[in-house]
Amino acid sequence: EFQICLHPTNANTYFCTLQIFVKDNPEPFYLKFRAESFIPQIEIATNQLDFGKQLINQEKTLEIPLKNPLKIPVVWRLKNPQQLNGFLTFNEVEGVIKPLSNSTLKATLLSAKPTTIKKQIQMEILDSQKTKNFQIHQINITSEVFDLPFEFAYPKGMDHLDFGVLKIGQMKPLVCTLKNKGKYPSSFHISYVKPQYEKFLTMSESNGILQPNDK
């Protein structure tokens with residue numbers, strides 16, 4: 001019984017023929033060997049996670065397709081994913097991609113407050129025993145999470161719409177203001193709780209678009 005070990009130093013295909021001589025046997029035995037060696041790596045479809053502009057409390061998911069083009073399993077893992085806790089989560093932070101197979105990394109952004117995100121996270125590629133790091137992918141994460149802060153003001157001195165006592169057919173206008181205190185243009189729409197209110201209550205504008213700081 002004997003063992004044959006291969007310790008390749010680079011990615012290649014190796015061929016070898018082993019001659020075995022047996023005492024008192026004039027003809028040697030020939031054993032042919034072939035071995036393929038690979039450097040663990042994956043193909044990543046993109047290294048950009050650009051969520052663009054997004055409202056607070058709005059959830060958005062982006063995907064990064066991963067491909068293992070090799071004949072060996074490859075391990076990947078995200079380095080320090082906890083640095084993104086609070087607004088970005090992943091479906092996996094570590095995984096194994098089988099030979100000649102694909103996988104998908106999903107990232108979900110959700111923030112409860114306005115923030116500008118410009119982060120970078122590393123994806124490490126390792127062998128199946130996780131003994132060595134062979135490749136690093138830098139993934140860039142960008143987004144702007146914003147709010148739509150509208151300010152509604154009743155007529156001066158009021159905390160509700162008080163028309164007082166009116167005669168039949170008499171009109172009394174009250175002026176309310178709506179202000180866009182955000183960074184971006186925003187649309188508004190005002191509707192009646194009960195349709196019958198439209199018979200005696202009219203508005204100069206029930207919908208429109210307000211530019212930043214407009215009222």
# chains A, B, ... in the order shown; residues from 1 in each chain; ligands from 1
$ residues_around --residues "A:Lys156" --least-positions-apart "2" --cutoff "12 Å" --atoms "only C-alpha atoms" --output "PyMOL selection string"
chain A and resi 152-154+158-162+174-177
$ closest_residue --among "A:Ser101, A:Thr108, A:Gln58, A:Gln41" --to "A:Thr89" --atoms "only C-alpha atoms"
A:Thr108
$ residues_around --residues "stretch 5-18 of chain A" --least-positions-apart "3" --cutoff "9 Å" --atoms "only C-alpha atoms" --output "number ranges by chain"
A: 29-39
$ residues_around --residues "A:Pro99" --least-positions-apart "3" --cutoff "12 Å" --atoms "only C-alpha atoms" --output "tab-separated table (two decimals) with C-alpha atoms, in the first residue's frame"
chain	number	residue	atom	x	y	z
A	38	PHE	CA	-7.55	25.40	-9.31
A	40	PRO	CA	-10.54	29.31	-5.65
A	41	GLN	CA	-12.36	32.24	-7.22
A	42	ILE	CA	-15.84	33.30	-8.26
A	67	LYS	CA	-20.88	32.10	-10.33
A	68	ASN	CA	-18.37	29.37	-9.55
A	69	PRO	CA	-16.71	28.47	-12.90
A	70	LEU	CA	-14.43	25.88	-11.32
A	71	LYS	CA	-14.64	22.13	-10.73
A	72	ILE	CA	-14.15	22.52	-6.98
A	73	PRO	CA	-16.48	23.99	-4.33
A	74	VAL	CA	-15.70	27.56	-3.33
A	75	VAL	CA	-16.47	29.29	-0.03
A	96	VAL	CA	-20.55	27.52	-0.41
A	102	ASN	CA	-24.49	29.73	-9.37
A	103	SER	CA	-25.75	31.49	-6.29
A	128	SER	CA	-13.46	24.60	1.24
$ residues_around --residues "A:Gln83" --least-positions-apart "4" --cutoff "12 Å" --atoms "only C-alpha atoms" --output "PyMOL selection string"
chain A and resi 78-79+87-89+119-122
$ residues_around --residues "A:Pro173" --least-positions-apart "5" --cutoff "12 Å" --atoms "only C-alpha atoms" --output "VMD selection string"
chain A and resid 155 161 to 164 166 200 to 204
$ write_last_selection --atoms "N, CA and C atoms" --output "PDB file, in the first residue's frame"
ATOM      1  N   PRO A 155     -55.387  78.080  10.281  1.00  0.00           N
ATOM      2  CA  PRO A 155     -55.395  79.548  10.362  1.00  0.00           C
ATOM      3  C   PRO A 155     -54.876  80.010  11.727  1.00  0.00           C
ATOM      4  N   LEU A 161     -60.466  73.671  12.057  1.00  0.00           N
ATOM      5  CA  LEU A 161     -61.208  74.579  11.179  1.00  0.00           C
ATOM      6  C   LEU A 161     -62.524  74.966  11.840  1.00  0.00           C
ATOM      7  N   ASP A 162     -62.599  76.208  12.276  1.00  0.00           N
ATOM      8  CA  ASP A 162     -63.800  76.705  12.974  1.00  0.00           C
ATOM      9  C   ASP A 162     -64.417  77.824  12.128  1.00  0.00           C
ATOM     10  N   PHE A 163     -65.552  77.510  11.456  1.00  0.00           N
ATOM     11  CA  PHE A 163     -66.224  78.489  10.608  1.00  0.00           C
ATOM     12  C   PHE A 163     -67.227  79.340  11.384  1.00  0.00           C
ATOM     13  N   GLY A 164     -67.444  79.024  12.635  1.00  0.00           N
ATOM     14  CA  GLY A 164     -68.398  79.768  13.441  1.00  0.00           C
ATOM     15  C   GLY A 164     -69.836  79.547  12.983  1.00  0.00           C
ATOM     16  N   LEU A 166     -72.870  80.535  10.562  1.00  0.00           N
ATOM     17  CA  LEU A 166     -73.068  81.127   9.244  1.00  0.00           C
ATOM     18  C   LEU A 166     -74.540  81.085   8.859  1.00  0.00           C
ATOM     19  N   PHE A 200     -70.775  71.271   0.519  1.00  0.00           N
ATOM     20  CA  PHE A 200     -70.708  72.567   1.198  1.00  0.00           C
ATOM     21  C   PHE A 200     -69.275  72.994   1.561  1.00  0.00           C
ATOM     22  N   LEU A 201     -68.292  72.158   1.241  1.00  0.00           N
ATOM     23  CA  LEU A 201     -66.911  72.489   1.578  1.00  0.00           C
ATOM     24  C   LEU A 201     -66.054  72.343   0.325  1.00  0.00           C
ATOM     25  N   THR A 202     -65.460  73.439  -0.094  1.00  0.00           N
ATOM     26  CA  THR A 202     -64.621  73.412  -1.295  1.00  0.00           C
ATOM     27  C   THR A 202     -63.201  73.841  -0.938  1.00  0.00           C
ATOM     28  N   MET A 203     -62.283  73.384  -1.778  1.00  0.00           N
ATOM     29  CA  MET A 203     -60.870  73.727  -1.569  1.00  0.00           C
ATOM     30  C   MET A 203     -60.326  74.341  -2.842  1.00  0.00           C
ATOM     31  N   SER A 204     -59.416  75.313  -2.682  1.00  0.00           N
ATOM     32  CA  SER A 204     -58.823  75.953  -3.859  1.00  0.00           C
ATOM     33  C   SER A 204     -57.900  74.979  -4.597  1.00  0.00           C
TER      34      SER A 204
END
$ closest_residue --among "A:Val165, A:Arg77, A:Leu109, A:Phe51" --to "A:Lys130" --atoms "only C-alpha atoms"
A:Arg77
$ residues_around --residues "stretch 131-146 of chain A" --least-positions-apart "4" --cutoff "9 Å" --atoms "only C-alpha atoms" --output "ChimeraX atom specification"
/A:39-42,44,46-58,109-127,182-184
$ select_by_dssp --residues "chain A" --states "helix (DSSP H, G or I)" --output "JSON, numbers by chain"
{"A": [81, 82, 83, 84, 195, 196, 197, 198, 199]}
$ select_by_dssp --residues "stretch 48-84 of chain A" --states "strand (DSSP E)" --output "count of residues only"
22
$ atom_distance --atom1 "atom CA of A:Ala45" --atom2 "atom CA of A:Lys60"
19.0 Å
$ atom_distance --atom1 "atom CA of A:Asn180" --atom2 "atom CA of A:Tyr192"
21.3 Å
